[in-house]
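Engineer: Quick one, start21.cif (mmCIF, C-alpha atoms and all ligand atoms):
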```cif
data_structure
loop_
_atom_site.group_PDB
_atom_site.id
_atom_site.type_symbol
_atom_site.label_atom_id
_atom_site.label_comp_id
_atom_site.auth_asym_id
_atom_site.auth_seq_id
_atom_site.Cartn_x
_atom_site.Cartn_y
_atom_site.Cartn_z
ATOM 1 C CA MET A 1 -18.025 84.216 14.707
ATOM 2 C CA ARG A 2 -20.318 83.528 11.747
ATOM 3 C CA SER A 3 -22.371 80.338 11.743
ATOM 4 C CA THR A 4 -20.303 77.688 10.048
ATOM 5 C CA VAL A 5 -21.044 75.006 7.463
ATOM 6 C CA LEU A 6 -18.705 72.021 7.506
ATOM 7 C CA CYS A 7 -18.397 70.723 3.934
ATOM 8 C CA PHE A 8 -17.346 67.195 3.055
ATOM 9 C CA SER A 9 -16.205 67.758 -0.517
ATOM 10 C CA GLY A 10 -13.498 67.155 -3.068
ATOM 11 C CA LEU A 11 -10.940 69.478 -4.626
ATOM 12 C CA ASP A 12 -11.585 70.429 -8.249
ATOM 13 C CA PRO A 13 -8.460 72.163 -9.594
ATOM 14 C CA SER A 14 -10.519 74.190 -12.084
ATOM 15 C CA GLY A 15 -12.147 75.999 -9.153
ATOM 16 C CA GLY A 16 -15.581 75.629 -10.722
ATOM 17 C CA ALA A 17 -16.972 72.836 -8.564
ATOM 18 C CA GLY A 18 -16.164 70.987 -5.359
ATOM 19 C CA LEU A 19 -14.775 72.601 -2.272
ATOM 20 C CA GLN A 20 -13.979 75.924 -3.910
ATOM 21 C CA ALA A 21 -17.583 76.227 -5.100
ATOM 22 C CA ASP A 22 -18.693 75.400 -1.559
ATOM 23 C CA ILE A 23 -16.431 77.970 0.089
ATOM 24 C CA GLU A 24 -17.467 80.736 -2.301
ATOM 25 C CA ALA A 25 -21.199 79.970 -2.158
ATOM 26 C CA ILE A 26 -21.258 79.665 1.613
ATOM 27 C CA GLY A 27 -19.317 82.924 1.944
ATOM 28 C CA GLN A 28 -21.878 84.624 -0.300
ATOM 29 C CA SER A 29 -24.721 83.249 1.829
ATOM 30 C CA GLY A 30 -23.269 85.040 4.859
ATOM 31 C CA ALA A 31 -21.901 81.977 6.662
ATOM 32 C CA HIS A 32 -18.371 80.668 7.143
ATOM 33 C CA ALA A 33 -17.196 77.507 5.324
ATOM 34 C CA ALA A 34 -14.970 74.849 6.868
ATOM 35 C CA VAL A 35 -13.912 71.908 4.709
ATOM 36 C CA ALA A 36 -13.037 68.281 5.337
ATOM 37 C CA CYS A 37 -11.517 67.250 2.009
ATOM 38 C CA THR A 38 -12.821 63.913 0.697
ATOM 39 C CA ALA A 39 -10.704 63.599 -2.446
ATOM 40 C CA ILE A 40 -8.323 65.350 -4.771
ATOM 41 C CA THR A 41 -9.581 65.189 -8.334
ATOM 42 C CA VAL A 42 -7.627 65.755 -11.522
ATOM 43 C CA GLN A 43 -9.957 67.557 -13.928
ATOM 44 C CA ASN A 44 -10.532 70.698 -15.916
ATOM 45 C CA SER A 45 -13.666 72.365 -17.203
ATOM 46 C CA GLN A 46 -13.946 69.685 -19.904
ATOM 47 C CA GLN A 47 -13.342 66.350 -18.203
ATOM 48 C CA VAL A 48 -12.392 64.355 -15.116
ATOM 49 C CA PHE A 49 -9.094 62.484 -15.555
ATOM 50 C CA SER A 50 -8.793 60.747 -12.177
ATOM 51 C CA PHE A 51 -9.085 61.212 -8.428
ATOM 52 C CA GLU A 52 -7.584 59.973 -5.186
ATOM 53 C CA ALA A 53 -9.871 59.738 -2.195
ATOM 54 C CA THR A 54 -8.855 60.731 1.312
ATOM 55 C CA SER A 55 -8.747 57.838 3.795
ATOM 56 C CA LYS A 56 -11.629 57.499 6.239
ATOM 57 C CA THR A 57 -9.254 58.207 9.136
ATOM 58 C CA LEU A 58 -7.904 61.391 7.596
ATOM 59 C CA LEU A 59 -11.387 62.575 6.657
ATOM 60 C CA LEU A 60 -12.718 62.125 10.189
ATOM 61 C CA ALA A 61 -9.582 63.688 11.683
ATOM 62 C CA GLN A 62 -10.189 66.860 9.624
ATOM 63 C CA ALA A 63 -13.839 67.047 10.653
ATOM 64 C CA ASN A 64 -13.180 66.303 14.323
ATOM 65 C CA ALA A 65 -10.449 68.948 14.485
ATOM 66 C CA VAL A 66 -12.825 71.762 13.572
ATOM 67 C CA VAL A 67 -15.896 70.710 15.564
ATOM 68 C CA LYS A 68 -13.941 71.632 18.644
ATOM 69 C CA ASP A 69 -13.548 75.305 17.864
ATOM 70 C CA LEU A 70 -15.994 76.442 15.176
ATOM 71 C CA PRO A 71 -19.731 77.184 15.555
ATOM 72 C CA ILE A 72 -20.878 74.468 13.142
ATOM 73 C CA ARG A 73 -24.599 74.571 12.471
ATOM 74 C CA CYS A 74 -24.790 72.591 9.246
ATOM 75 C CA VAL A 75 -22.916 69.903 7.309
ATOM 76 C CA LYS A 76 -22.969 69.801 3.511
ATOM 77 C CA SER A 77 -21.678 66.880 1.474
ATOM 78 C CA GLY A 78 -20.814 66.759 -2.210
ATOM 79 C CA MET A 79 -18.331 64.325 -3.748
ATOM 80 C CA LEU A 80 -17.598 61.597 -1.192
ATOM 81 C CA GLY A 81 -15.817 59.285 -3.613
ATOM 82 C CA THR A 82 -15.799 56.010 -1.644
ATOM 83 C CA THR A 83 -18.136 53.952 0.525
ATOM 84 C CA ASP A 84 -15.602 54.329 3.352
ATOM 85 C CA ASN A 85 -16.033 58.090 3.234
ATOM 86 C CA ILE A 86 -19.811 57.737 3.193
ATOM 87 C CA THR A 87 -19.604 55.507 6.270
ATOM 88 C CA ALA A 88 -17.300 58.033 7.950
ATOM 89 C CA LEU A 89 -19.771 60.846 7.309
ATOM 90 C CA SER A 90 -22.691 58.762 8.512
ATOM 91 C CA GLU A 91 -20.850 58.017 11.791
ATOM 92 C CA PHE A 92 -19.935 61.687 12.165
ATOM 93 C CA LEU A 93 -23.523 62.871 11.630
ATOM 94 C CA GLN A 94 -24.868 60.366 14.135
ATOM 95 C CA GLN A 95 -22.518 61.868 16.709
ATOM 96 C CA HIS A 96 -23.878 65.352 15.896
ATOM 97 C CA PRO A 97 -27.646 65.032 15.543
ATOM 98 C CA ASP A 98 -28.096 68.765 16.176
ATOM 99 C CA TYR A 99 -26.402 69.758 12.896
ATOM 100 C CA ALA A 100 -28.581 70.426 9.853
ATOM 101 C CA TYR A 101 -27.337 68.381 6.907
ATOM 102 C CA VAL A 102 -27.541 69.061 3.150
ATOM 103 C CA LEU A 103 -26.903 65.939 1.061
ATOM 104 C CA ASP A 104 -25.932 66.682 -2.551
ATOM 105 C CA PRO A 105 -25.730 63.099 -3.876
ATOM 106 C CA VAL A 106 -22.852 63.620 -6.321
ATOM 107 C CA LEU A 107 -22.125 60.644 -8.580
ATOM 108 C CA VAL A 108 -20.691 62.175 -11.744
ATOM 109 C CA ALA A 109 -19.325 65.581 -12.705
ATOM 110 C CA ASN A 110 -21.460 67.765 -14.976
ATOM 111 C CA SER A 111 -18.843 67.070 -17.655
ATOM 112 C CA GLY A 112 -19.851 63.387 -17.400
ATOM 113 C CA GLY A 113 -16.787 62.011 -15.562
ATOM 114 C CA ALA A 114 -17.359 59.488 -12.754
ATOM 115 C CA LEU A 115 -16.514 60.700 -9.238
ATOM 116 C CA GLY A 116 -16.616 57.193 -7.737
ATOM 117 C CA ASP A 117 -18.081 53.805 -8.523
ATOM 118 C CA GLN A 118 -21.733 54.562 -9.174
ATOM 119 C CA ALA A 119 -23.212 51.221 -8.052
ATOM 120 C CA THR A 120 -21.424 51.158 -4.688
ATOM 121 C CA LEU A 121 -22.021 54.870 -4.031
ATOM 122 C CA VAL A 122 -25.746 54.513 -4.738
ATOM 123 C CA THR A 123 -26.051 51.697 -2.185
ATOM 124 C CA ALA A 124 -23.945 53.510 0.401
ATOM 125 C CA PHE A 125 -25.908 56.781 0.034
ATOM 126 C CA ARG A 126 -28.931 54.966 1.508
ATOM 127 C CA ALA A 127 -27.351 55.343 4.967
ATOM 128 C CA LEU A 128 -27.187 59.135 4.546
ATOM 129 C CA ILE A 129 -30.713 59.711 3.235
ATOM 130 C CA PRO A 130 -32.512 59.567 6.626
ATOM 131 C CA LEU A 131 -29.863 61.813 8.200
ATOM 132 C CA ALA A 132 -30.368 64.681 5.759
ATOM 133 C CA THR A 133 -32.384 67.830 6.415
ATOM 134 C CA ILE A 134 -32.631 68.169 2.624
ATOM 135 C CA ILE A 135 -31.371 66.166 -0.359
ATOM 136 C CA THR A 136 -30.641 68.021 -3.618
ATOM 137 C CA PRO A 137 -30.516 65.502 -6.506
ATOM 138 C CA ASN A 138 -30.642 66.393 -10.161
ATOM 139 C CA THR A 139 -32.902 64.049 -12.104
ATOM 140 C CA ILE A 140 -30.008 61.807 -13.191
ATOM 141 C CA GLU A 141 -29.008 61.306 -9.554
ATOM 142 C CA LEU A 142 -32.635 60.860 -8.463
ATOM 143 C CA ARG A 143 -33.154 58.070 -10.999
ATOM 144 C CA ALA A 144 -29.812 56.452 -10.133
ATOM 145 C CA LEU A 145 -30.494 56.571 -6.380
ATOM 146 C CA THR A 146 -33.911 54.961 -6.685
ATOM 147 C CA GLY A 147 -33.648 52.829 -9.837
ATOM 148 C CA LEU A 148 -36.917 54.412 -11.025
ATOM 149 C CA ASP A 149 -37.436 56.366 -14.212
ATOM 150 C CA ASP A 150 -40.674 58.134 -13.320
ATOM 151 C CA LEU A 151 -39.749 61.254 -11.330
ATOM 152 C CA ASN A 152 -42.827 61.216 -9.068
ATOM 153 C CA GLN A 153 -42.287 57.579 -8.180
ATOM 154 C CA ALA A 154 -38.562 58.147 -7.695
ATOM 155 C CA THR A 155 -39.164 61.082 -5.335
ATOM 156 C CA ALA A 156 -41.751 59.059 -3.406
ATOM 157 C CA LYS A 157 -39.183 56.290 -3.042
ATOM 158 C CA LEU A 158 -36.649 58.719 -1.539
ATOM 159 C CA PHE A 159 -39.259 59.566 1.109
ATOM 160 C CA ASP A 160 -39.838 55.829 1.687
ATOM 161 C CA LEU A 161 -36.086 55.570 2.275
ATOM 162 C CA GLY A 162 -36.348 58.188 5.034
ATOM 163 C CA ALA A 163 -35.874 61.538 3.266
ATOM 164 C CA LYS A 164 -37.328 64.591 5.047
ATOM 165 C CA ALA A 165 -37.098 67.140 2.220
ATOM 166 C CA VAL A 166 -35.992 66.840 -1.408
ATOM 167 C CA LEU A 167 -35.189 69.519 -3.982
ATOM 168 C CA VAL A 168 -35.479 67.918 -7.428
ATOM 169 C CA LYS A 169 -33.408 69.966 -9.901
ATOM 170 C CA GLY A 170 -34.753 69.817 -13.430
ATOM 171 C CA GLY A 171 -31.755 71.096 -15.383
ATOM 172 C CA HIS A 172 -31.165 67.753 -17.120
ATOM 173 C CA GLU A 173 -34.782 67.366 -18.258
ATOM 174 C CA PRO A 174 -35.541 68.121 -21.924
ATOM 175 C CA THR A 175 -37.437 71.370 -21.283
ATOM 176 C CA GLN A 176 -36.160 73.708 -23.983
ATOM 177 C CA ASP A 177 -36.654 77.217 -22.648
ATOM 178 C CA TYR A 178 -36.904 76.778 -18.907
ATOM 179 C CA ILE A 179 -35.708 74.746 -15.931
ATOM 180 C CA LYS A 180 -38.118 73.690 -13.223
ATOM 181 C CA ASN A 181 -37.042 72.806 -9.682
ATOM 182 C CA THR A 182 -39.491 71.220 -7.258
ATOM 183 C CA LEU A 183 -39.182 71.293 -3.479
ATOM 184 C CA TYR A 184 -40.868 68.507 -1.515
ATOM 185 C CA VAL A 185 -41.138 68.486 2.259
ATOM 186 C CA ALA A 186 -42.456 65.356 4.003
ATOM 187 C CA GLY A 187 -43.480 63.913 0.651
ATOM 188 C CA LYS A 188 -45.525 66.920 -0.520
ATOM 189 C CA VAL A 189 -44.702 69.607 -3.068
ATOM 190 C CA VAL A 190 -44.239 72.908 -1.216
ATOM 191 C CA SER A 191 -42.870 75.009 -4.077
ATOM 192 C CA GLU A 192 -42.052 74.889 -7.758
ATOM 193 C CA THR A 193 -39.772 77.422 -9.357
ATOM 194 C CA GLN A 194 -39.114 77.993 -13.002
ATOM 195 C CA CYS A 195 -36.286 80.013 -14.498
ATOM 196 C CA PRO A 196 -35.227 80.597 -18.121
ATOM 197 C CA ARG A 197 -32.723 78.030 -19.394
ATOM 198 C CA LEU A 198 -29.378 79.752 -19.923
ATOM 199 C CA ASP A 199 -27.157 78.800 -22.855
ATOM 200 C CA GLY A 200 -24.260 76.432 -22.298
ATOM 201 C CA GLU A 201 -23.056 74.030 -19.628
ATOM 202 C CA TYR A 202 -21.925 75.034 -16.154
ATOM 203 C CA HIS A 203 -19.313 73.492 -13.891
ATOM 204 C CA GLY A 204 -20.265 73.403 -10.233
ATOM 205 C CA SER A 205 -23.821 74.696 -10.412
ATOM 206 C CA GLY A 206 -25.133 71.894 -8.194
ATOM 207 C CA CYS A 207 -22.378 72.355 -5.592
ATOM 208 C CA SER A 208 -23.050 76.093 -5.484
ATOM 209 C CA LEU A 209 -26.802 75.703 -4.995
ATOM 210 C CA ALA A 210 -26.538 73.053 -2.261
ATOM 211 C CA SER A 211 -23.866 75.036 -0.432
ATOM 212 C CA PHE A 212 -25.815 78.282 -0.503
ATOM 213 C CA ILE A 213 -28.813 76.393 0.930
ATOM 214 C CA ALA A 214 -26.533 74.985 3.655
ATOM 215 C CA GLY A 215 -25.239 78.475 4.440
ATOM 216 C CA ARG A 216 -28.766 79.823 4.893
ATOM 217 C CA LEU A 217 -29.841 76.829 6.997
ATOM 218 C CA ALA A 218 -26.783 77.431 9.185
ATOM 219 C CA GLN A 219 -28.079 80.952 9.764
ATOM 220 C CA GLY A 220 -31.512 79.741 10.825
ATOM 221 C CA ASP A 221 -33.595 80.082 7.638
ATOM 222 C CA SER A 222 -36.433 77.661 6.951
ATOM 223 C CA ILE A 223 -35.894 75.108 4.193
ATOM 224 C CA GLU A 224 -38.264 76.994 1.871
ATOM 225 C CA ASN A 225 -36.548 80.342 2.376
ATOM 226 C CA ALA A 226 -33.086 78.838 2.060
ATOM 227 C CA VAL A 227 -34.004 77.165 -1.241
ATOM 228 C CA GLN A 228 -35.682 80.265 -2.654
ATOM 229 C CA LEU A 229 -32.725 82.530 -1.800
ATOM 230 C CA ALA A 230 -30.245 79.990 -3.173
ATOM 231 C CA GLU A 231 -32.113 79.634 -6.465
ATOM 232 C CA SER A 232 -32.265 83.346 -7.154
ATOM 233 C CA TRP A 233 -28.619 83.802 -6.147
ATOM 234 C CA LEU A 234 -27.530 80.934 -8.412
ATOM 235 C CA PHE A 235 -29.374 82.315 -11.427
ATOM 236 C CA GLY A 236 -27.359 85.556 -11.199
ATOM 237 C CA VAL A 237 -24.125 83.644 -10.708
ATOM 238 C CA LEU A 238 -24.724 81.483 -13.788
ATOM 239 C CA LYS A 239 -25.766 84.470 -15.904
ATOM 240 C CA ASN A 240 -22.354 85.971 -15.143
ATOM 241 C CA ALA A 241 -20.417 82.705 -15.584
ATOM 242 C CA GLU A 242 -17.137 82.907 -17.464
ATOM 243 C CA SER A 243 -16.148 80.774 -20.448
ATOM 244 C CA PRO A 244 -12.778 78.995 -20.242
ATOM 245 C CA VAL A 245 -10.110 79.746 -22.833
ATOM 246 C CA VAL A 246 -10.689 76.416 -24.554
ATOM 247 C CA ASN A 247 -14.188 75.125 -25.157
ATOM 248 C CA GLY A 248 -15.328 73.754 -21.777
ATOM 249 C CA GLN A 249 -18.058 74.207 -19.209
ATOM 250 C CA LYS A 250 -18.557 77.739 -17.940
ATOM 251 C CA ILE A 251 -17.195 78.599 -14.509
ATOM 252 C CA PRO A 252 -19.773 80.321 -12.270
ATOM 253 C CA LYS A 253 -18.784 83.814 -11.109
ATOM 254 C CA ARG A 254 -19.769 83.624 -7.459
ATOM 255 C CA PHE A 255 -18.408 87.041 -6.477
HETATM 256 N N1 LIG B 301 -17.460 67.772 -6.398
HETATM 257 C C1 LIG B 301 -16.345 67.728 -7.139
HETATM 258 C C2 LIG B 301 -15.023 67.606 -6.491
HETATM 259 C C3 LIG B 301 -16.446 67.838 -8.493
HETATM 260 O O1 LIG B 301 -15.317 67.812 -9.197
HETATM 261 C C4 LIG B 301 -17.723 67.967 -9.099
HETATM 262 C C5 LIG B 301 -17.825 68.120 -10.542
HETATM 263 O O2 LIG B 301 -16.875 68.253 -11.271
HETATM 264 C C6 LIG B 301 -18.855 67.986 -8.308
HETATM 265 C C7 LIG B 301 -18.678 67.887 -6.965
HETATM 266 C C8 LIG B 301 -20.228 68.147 -8.862
HETATM 267 O O3 LIG B 301 -20.332 69.295 -9.600
HETATM 268 P P1 LIG B 301 -21.708 69.906 -10.126
HETATM 269 O O4 LIG B 301 -22.087 70.973 -9.184
HETATM 270 O O5 LIG B 301 -21.347 70.438 -11.459
HETATM 271 O O6 LIG B 301 -22.700 68.788 -10.145
#
```
Translate this structure into structure tokens?
Structural biologist:
Amino acid sequence: MRSTVLCFSGLDPSGGAGLQADIEAIGQSGAHAAVACTAITVQNSQQVFSFEATSKTLLLAQANAVVKDLPIRCVKSGMLGTTDNITALSEFLQQHPDYAYVLDPVLVANSGGALGDQATLVTAFRALIPLATIITPNTIELRALTGLDDLNQATAKLFDLGAKAVLVKGGHEPTQDYIKNTLYVAGKVVSETQCPRLDGEYHGSGCSLASFIAGRLAQGDSIENAVQLAESWLFGVLKNAESPVVNGQKIPKRF
């Protein structure tokens, strides 16, 4: 059986982000995806209307059911929705210290809609930071998590909070023609990658990248290799993204 990533993520009915993005990206990385669903959202490619979070008990029951019979090597989290779910995941990870863990600190959808109460999520995420093999914030999330505007200081603060590796995604920075991502391990820059900025907005790009990284970590890659493979895979997927019928964010074509 293929190495498995257990995702803690929410359902996005558009299929662009959330657990569908995770399943597709992890499948493309060569691993198998299992999912403990954290929330059901109501959204399309343009906006988030609402969501209902899974209870802590139901979330843990899903996760504990599959640890018994799947070769889980890595956990990946995206939308967690509530502090209860963050606590549940933190308890789960402490019971499984041998799993790699990719923390994508989702606070809002790319369309701008809130996927939980930002202030409480930011505080609760602090418990997950030291448990993560790698954290994959965009610069909005990085600033929100640390309360610091300067990106170097904000990244340093994540390491002070116990981070082991951080991939800072530069897609929301005002660079016109390119996007720069920076990978830090143990507080030091180990790689910087730059790719041309593609036109338009994409739904689920962050989920896809973090999940592909998780899939490669599950198969034994180093952090640097996993990130490099995920970045080049994602660029192709976004280049081929499909535009919805009505003006909305593009949906990545992960197959
Ligand atoms: N998880 C869920 C369930 C979502 O609906 C979204 C965005 O809509 C995300 C995660 C984050 O998506 P992105 O990869 O665009 O940051």
Engineer: Expand the PyMOL selection byres (((chain A and resi 132) around 10) and not hetatm) into the individual residues it matches in the shown file, reporting them as a PyMOL selection string.
Structural biologist: chain A and resi 75-77+93+99-104+127-131+133-136+162-166
Engineer: Please evaluate the PyMOL selection byres (((chain A and resi 89) around 9) and not hetatm) against the displayed coordinates and give the resulting residues as an NGL selection string.
Structural biologist: :A and (8 or 56 or 59-60 or 77 or 80 or 84-88 or 90-94 or 128)
Engineer: Output the residue selection produced by the PyMOL selection byres (((chain A and resi 171-177) around 9) and not hetatm) on the file above, formatted as an MDAnalysis selection string.
Structural biologist: chainID A and resid 138:140 169:170 178:181 195:198
Engineer: Return as a PyMOL selection string the residues of protein, DNA or RNA that approach ligand LIG 301 (chain B) to within 7 Å, with all atoms listed in the file taken into account.
Structural biologist: chain A and resi 9-12+17-19+41+78-79+106+108-111+202-208
Engineer: Can you write just those residues out, C-alpha atoms, as a PDB file, in the frame of the given file?
Structural biologist:
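Everything below was put into out-v9.pdb:
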```
ATOM      1  CA  SER A   9     -16.205  67.758  -0.517  1.00  0.00           C
ATOM      2  CA  GLY A  10     -13.498  67.155  -3.068  1.00  0.00           C
ATOM      3  CA  LEU A  11     -10.940  69.478  -4.626  1.00  0.00           C
ATOM      4  CA  ASP A  12     -11.585  70.429  -8.249  1.00  0.00           C
ATOM      5  CA  ALA A  17     -16.972  72.836  -8.564  1.00  0.00           C
ATOM      6  CA  GLY A  18     -16.164  70.987  -5.359  1.00  0.00           C
ATOM      7  CA  LEU A  19     -14.775  72.601  -2.272  1.00  0.00           C
ATOM      8  CA  THR A  41      -9.581  65.189  -8.334  1.00  0.00           C
ATOM      9  CA  GLY A  78     -20.814  66.759  -2.210  1.00  0.00           C
ATOM     10  CA  MET A  79     -18.331  64.325  -3.748  1.00  0.00           C
ATOM     11  CA  VAL A 106     -22.852  63.620  -6.321  1.00  0.00           C
ATOM     12  CA  VAL A 108     -20.691  62.175 -11.744  1.00  0.00           C
ATOM     13  CA  ALA A 109     -19.325  65.581 -12.705  1.00  0.00           C
ATOM     14  CA  ASN A 110     -21.460  67.765 -14.976  1.00  0.00           C
ATOM     15  CA  SER A 111     -18.843  67.070 -17.655  1.00  0.00           C
ATOM     16  CA  TYR A 202     -21.925  75.034 -16.154  1.00  0.00           C
ATOM     17  CA  HIS A 203     -19.313  73.492 -13.891  1.00  0.00           C
ATOM     18  CA  GLY A 204     -20.265  73.403 -10.233  1.00  0.00           C
ATOM     19  CA  SER A 205     -23.821  74.696 -10.412  1.00  0.00           C
ATOM     20  CA  GLY A 206     -25.133  71.894  -8.194  1.00  0.00           C
ATOM     21  CA  CYS A 207     -22.378  72.355  -5.592  1.00  0.00           C
ATOM     22  CA  SER A 208     -23.050  76.093  -5.484  1.00  0.00           C
TER      23      SER A 208
END
```
Engineer: Can you list, as a PyMOL selection string, every protein, DNA or RNA residue that comes within 12 Å of Pro252 (chain A) when you count all atoms listed in the file, leaving out same-chain residues fewer than 6 positions away?
Structural biologist: chain A and resi 14-17+20-22+24-25+45+200-209+233-244
Engineer: Hey, which of A:Ile251, A:Thr123, A:Ala214, A:Ala34 ends up closest to Pro13 (chain A)? Count only C-alpha atoms.
Structural biologist: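 For Pro13 (chain A), the nearest of the candidates is A:Ile251.
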Engineer: Kindly give the distance, in Å, that separates CA of Val5 (chain A) and CA of Thr38 (chain A), rounded to a single decimal.
Structural biologist: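 So the answer is 15.4 Å.
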Engineer: So which residues touch Thr120 (chain A) within 9 Å, counting only C-alpha atoms, skipping near sequence neighbours fewer than 4 positions away, as a list in words?
Structural biologist: Thr82, Thr83, Gly116, Ala124 and Phe125 of chain A
Engineer: Given all atoms listed in the file as the basis, pick out the residue of A:Leu121, A:Cys74, A:Ala156, A:Leu6 nearest to Leu217 (chain A).
Structural biologist: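 Residue with the minimum atom-to-atom distance to Leu217 (chain A): A:Cys74.
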Engineer: Check the smallest atom-to-atom distance from each of A:Gly215, A:Gly27, A:Gln46, A:Ser55 to Asn247 (chain A) using all atoms listed in the file, then report the winner.
Structural biologist: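 Distance minimum relative to Asn247 (chain A) lands on A:Gln46.
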Engineer: Need the axis-aligned box for region 42-48 of chain A with 8 Å each side, so what are the centre and edges in Å to one decimal, as JSON?
Structural biologist:
```
{"center_x": -10.8, "center_y": 68.4, "center_z": -15.7, "size_x": 22.3, "size_y": 24.0, "size_z": 24.4}
```
Engineer: Using only C-alpha atoms, which residues sit within 9 Å of region 146-155 of chain A once same-chain residues fewer than 4 positions away are excluded, as a list in words?
Structural biologist: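 Selected residues are Val122, Thr139, Glu141, Leu142, Phe159, Asp160, Val166, Val168, Tyr184 and Gly187 of chain A.
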Engineer: Provide the CA of Gly30 (chain A) to CA of Gln43 (chain A) distance in Å, to one decimal place.
Structural biologist: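 So the answer is 28.9 Å.
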Engineer: At what distance in Å, to one decimal, does CA of Phe49 (chain A) lie from CA of Gly248 (chain A)?
Structural biologist: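 Rounded to one decimal, the two atoms are 14.3 Å apart.
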Engineer: Which residue gives the smallest distance to Ala230 (chain A) among A:Gln249, A:Asn64, A:Ser211, A:Ser50, with all atoms listed in the file counted?
Structural biologist: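 Smallest separation from Ala230 (chain A) among the options: A:Ser211.
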Engineer: From the list A:Gln118, A:Asn44, A:Phe255, A:Leu167, which residue is nearest Ile213 (chain A) when using all atoms listed in the file?
Structural biologist: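 Result for the nearest residue to Ile213 (chain A): A:Leu167.
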